[in-house]
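Below is one structure, written out as C-alpha cells; comments come after it.
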Amino acid sequence: MGAAMSSVQNQVAELFGVTRVPYGDNGQFVRGVSVTCGHCGAVENVPANNLRNGAGDDVEVQLLKRKLETRGWKTGSKPAQHRCPKCFSSIKATAARRASENSAAATNGETPVSVTPIKSLKDVAARMLGREDRRIIFEKLNEVYVNDKVGYGAGWTDEKVANDLGVPRAWVKLIRDENFGDEVANEEIRQKLAEASKLLDEVKKTTAQAEAIVTDLKRLNHEAEHIGKALDTIRKALGGG
C-alpha cells in the first residue's frame, strides 16, 4: 500500500508542484498542488484530496485534473502542456475564429484551413458518469459519510463533496443514494424538529410572560396617573387653606 501511495504521489509531483494551501473556513493548511501555465507562467494553488483506503493508480491525478478543469484550466500529460484559464480561453477563441473563417471560405468556394477541434469544458461537463467517476465519488463518500442514521459527518453535504471533487452534485447524490443513505438522516431530522418544537414552546412561554409584564406596567402607569392627579388636588386644597 505504501508503495502504491508513493507511486501516486510521484505522479502528482511529476505533473504539479506539491505545496501546502489554506483550506476551509478556518484557513487550516492542507496538502495541495501548484499548477503552472506552460505558456504564460501563471500559477494557481489548489487543495489535494487525501483519499482513504489507498485509492491507487492515477485516481488522485485524474481527480486533480478534473478539479482544475472546473476552474478553467486545460491540463496536459506534461507540465509544459498545462494552460491557465486565460490562455485556454484564448486558444478556444482562436480555434472558433479559424472555424468561422473556414466556414466563410467554404461558402466562397475557397479551400478551408484544417483546424483541430478543441474539446471545450462544456463537452467535459456533459460527459456521462463513468466507472472511474463512480470510484472517485465512492471513495470520498466513504471518507466523509458516517452511516445511514447519522448521515454526513459534520460540515459535509452533497454540495460540498461535489465542489471538493469538481463533479456535478447530481452525481454525488446518485452514488450516495445507491450506496450510503440520505443526505440528512431521518433520525437527525426528527431530533432537529424536536429541538425546534421545544424552542418554539419556550418562545411562546416567554412571550406570554412578557405580555403579562406589559399589562402590569400599563396598569401601574394608569394608577400612577390617578395618584398624581390626587396629589395635585391635595396640594391645591392645602395651599388654598
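Please note that chains go A, B, ... in the order of the C-alpha cells, that every chain numbers its residues from 1, and that ligands are numbered from 1 in the order shown.
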
(request) Would you please extract all strand (DSSP E or B) residues from segment 11-235 of chain A, as assigned by DSSP on the backbone, and give them as a ChimeraX atom specification? (result) /A:17-23,28-36,43-47,74,83,145-147,151-152

Prev. selection, C-alpha atoms, output as an mmCIF file, in the first residue's frame:
```
data_model
loop_
_atom_site.group_PDB
_atom_site.id
_atom_site.type_symbol
_atom_site.label_atom_id
_atom_site.label_comp_id
_atom_site.auth_asym_id
_atom_site.auth_seq_id
_atom_site.Cartn_x
_atom_site.Cartn_y
_atom_site.Cartn_z
ATOM 1 C CA GLY A 17 4.290 21.099 -7.683
ATOM 2 C CA VAL A 18 3.400 19.783 -4.218
ATOM 3 C CA THR A 19 2.710 22.516 -1.647
ATOM 4 C CA ARG A 20 0.544 23.473 1.368
ATOM 5 C CA VAL A 21 -2.560 25.605 0.870
ATOM 6 C CA PRO A 22 -5.194 27.100 3.214
ATOM 7 C CA TYR A 23 -8.499 25.200 3.154
ATOM 8 C CA GLN A 28 -6.108 25.419 8.015
ATOM 9 C CA PHE A 29 -3.176 24.490 5.784
ATOM 10 C CA VAL A 30 -3.536 21.164 3.987
ATOM 11 C CA ARG A 31 -1.664 19.253 1.328
ATOM 12 C CA GLY A 32 -2.109 20.791 -2.110
ATOM 13 C CA VAL A 33 -0.601 21.210 -5.545
ATOM 14 C CA SER A 34 0.677 24.160 -7.515
ATOM 15 C CA VAL A 35 -0.101 24.181 -11.233
ATOM 16 C CA THR A 36 1.829 26.425 -13.624
ATOM 17 C CA VAL A 43 0.329 29.815 -11.075
ATOM 18 C CA GLU A 44 -2.630 28.561 -9.031
ATOM 19 C CA ASN A 45 -2.616 26.519 -5.824
ATOM 20 C CA VAL A 46 -5.441 24.067 -5.064
ATOM 21 C CA PRO A 47 -6.014 21.599 -2.205
ATOM 22 C CA LYS A 74 -6.574 22.763 -19.539
ATOM 23 C CA ARG A 83 -2.772 26.077 -19.834
ATOM 24 C CA TYR A 145 -20.301 9.829 5.270
ATOM 25 C CA VAL A 146 -20.799 8.315 8.738
ATOM 26 C CA ASN A 147 -23.796 5.982 8.335
ATOM 27 C CA GLY A 151 -25.714 10.933 7.558
ATOM 28 C CA TYR A 152 -22.734 13.082 6.628
#
```

(message) Set the distance at 10 Å and use only C-alpha atoms: which residues neighbour Lys86 of chain A once local chain neighbours fewer than 4 positions away are removed? I'd like the list as a ChimeraX atom specification.
(response) /A:37,40,42,72-73,90-91

Generate the output file for the selected residues, N, CA and C atoms, as a tab-separated table (two decimals), in the first residue's frame.
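Ended up saving to selection25.tsv:
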```
chain	number	residue	atom	x	y	z
A	37	CYS	N	1.03	27.45	-15.65
A	37	CYS	CA	0.71	27.50	-17.07
A	37	CYS	C	1.99	27.38	-17.89
A	40	CYS	N	2.10	31.08	-20.21
A	40	CYS	CA	2.35	32.41	-19.65
A	40	CYS	C	2.99	32.37	-18.26
A	42	ALA	N	1.45	31.58	-15.40
A	42	ALA	CA	0.51	31.84	-14.31
A	42	ALA	C	0.46	30.63	-13.38
A	72	GLY	N	-11.30	26.12	-15.02
A	72	GLY	CA	-10.98	26.72	-16.31
A	72	GLY	C	-9.64	26.32	-16.89
A	73	TRP	N	-8.89	25.47	-16.19
A	73	TRP	CA	-7.58	25.05	-16.68
A	73	TRP	C	-7.71	23.95	-17.74
A	90	SER	N	-8.10	31.86	-24.74
A	90	SER	CA	-7.53	32.45	-25.95
A	90	SER	C	-7.40	31.39	-27.05
A	91	ILE	N	-6.99	30.18	-26.64
A	91	ILE	CA	-6.85	29.09	-27.61
A	91	ILE	C	-8.20	28.75	-28.23
```

Which residues, written as a PDB file with N, CA, C and O atoms, in the first residue's frame, have at least one atom at most 9 Å from Leu165 of chain A, with only C-alpha atoms counted and residues fewer than 6 positions away on the same chain left out?
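Output (out-v6.pdb):
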```
ATOM      1  N   ASN A  49      -6.940  16.105  -2.590  1.00  0.00           N
ATOM      2  CA  ASN A  49      -7.702  15.172  -1.762  1.00  0.00           C
ATOM      3  C   ASN A  49      -6.814  14.031  -1.296  1.00  0.00           C
ATOM      4  O   ASN A  49      -6.052  13.455  -2.072  1.00  0.00           O
ATOM      5  N   LEU A  63      -8.444  13.130 -10.430  1.00  0.00           N
ATOM      6  CA  LEU A  63      -9.283  13.989  -9.602  1.00  0.00           C
ATOM      7  C   LEU A  63      -8.781  15.428  -9.637  1.00  0.00           C
ATOM      8  O   LEU A  63      -9.558  16.374  -9.769  1.00  0.00           O
ATOM      9  N   LEU A  64      -7.470  15.597  -9.530  1.00  0.00           N
ATOM     10  CA  LEU A  64      -6.882  16.936  -9.569  1.00  0.00           C
ATOM     11  C   LEU A  64      -7.100  17.586 -10.930  1.00  0.00           C
ATOM     12  O   LEU A  64      -7.408  18.779 -11.018  1.00  0.00           O
ATOM     13  N   ARG A  66      -9.548  17.013 -12.967  1.00  0.00           N
ATOM     14  CA  ARG A  66     -10.960  17.377 -13.073  1.00  0.00           C
ATOM     15  C   ARG A  66     -11.243  18.654 -12.284  1.00  0.00           C
ATOM     16  O   ARG A  66     -11.986  19.529 -12.726  1.00  0.00           O
ATOM     17  N   LYS A  67     -10.650  18.759 -11.101  1.00  0.00           N
ATOM     18  CA  LYS A  67     -10.858  19.954 -10.283  1.00  0.00           C
ATOM     19  C   LYS A  67     -10.316  21.188 -10.996  1.00  0.00           C
ATOM     20  O   LYS A  67     -10.942  22.249 -10.999  1.00  0.00           O
ATOM     21  N   ILE A 136     -14.194   7.396  -7.732  1.00  0.00           N
ATOM     22  CA  ILE A 136     -13.675   8.565  -7.022  1.00  0.00           C
ATOM     23  C   ILE A 136     -14.710   9.106  -6.038  1.00  0.00           C
ATOM     24  O   ILE A 136     -14.399   9.407  -4.880  1.00  0.00           O
ATOM     25  N   ILE A 137     -15.961   9.217  -6.495  1.00  0.00           N
ATOM     26  CA  ILE A 137     -17.022   9.735  -5.630  1.00  0.00           C
ATOM     27  C   ILE A 137     -17.270   8.786  -4.464  1.00  0.00           C
ATOM     28  O   ILE A 137     -17.452   9.213  -3.321  1.00  0.00           O
ATOM     29  N   LYS A 140     -14.641   9.181  -1.773  1.00  0.00           N
ATOM     30  CA  LYS A 140     -14.820  10.390  -0.968  1.00  0.00           C
ATOM     31  C   LYS A 140     -15.988  10.239  -0.006  1.00  0.00           C
ATOM     32  O   LYS A 140     -15.893  10.626   1.168  1.00  0.00           O
TER      33      LYS A 140
END
```

(request) Would you mind reading off the distance between atom CA of Lys198 of chain A and atom CA of Val214 of chain A, one decimal, in Å? (result)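 A separation of 24.4 Å between them.
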
(request) Would you please work out which residue, of A:Ala194, A:Val184, A:Val59, A:Val203, is nearest to Ala154 of chain A when using only C-alpha atoms? (result) A:Val184

(message) Would you compute the distance between atom CA of Val161 of chain A and atom CA of Asn10 of chain A? Give it in Å to one decimal.
(response)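 Rounded to one decimal, the two atoms are 25.2 Å apart.
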
(request) To one decimal in Å, tell me the separation between atom CA of Ser197 of chain A and atom CA of Gly181 of chain A. (result) 25.8 Å

(request) Point out the residue among A:Glu69, A:Glu211, A:Glu223, A:Glu202 with the least atom-to-atom distance to Gly166 of chain A, counting only C-alpha atoms. (result)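 With only C-alpha atoms as the atom set, the closest residue is A:Glu69.
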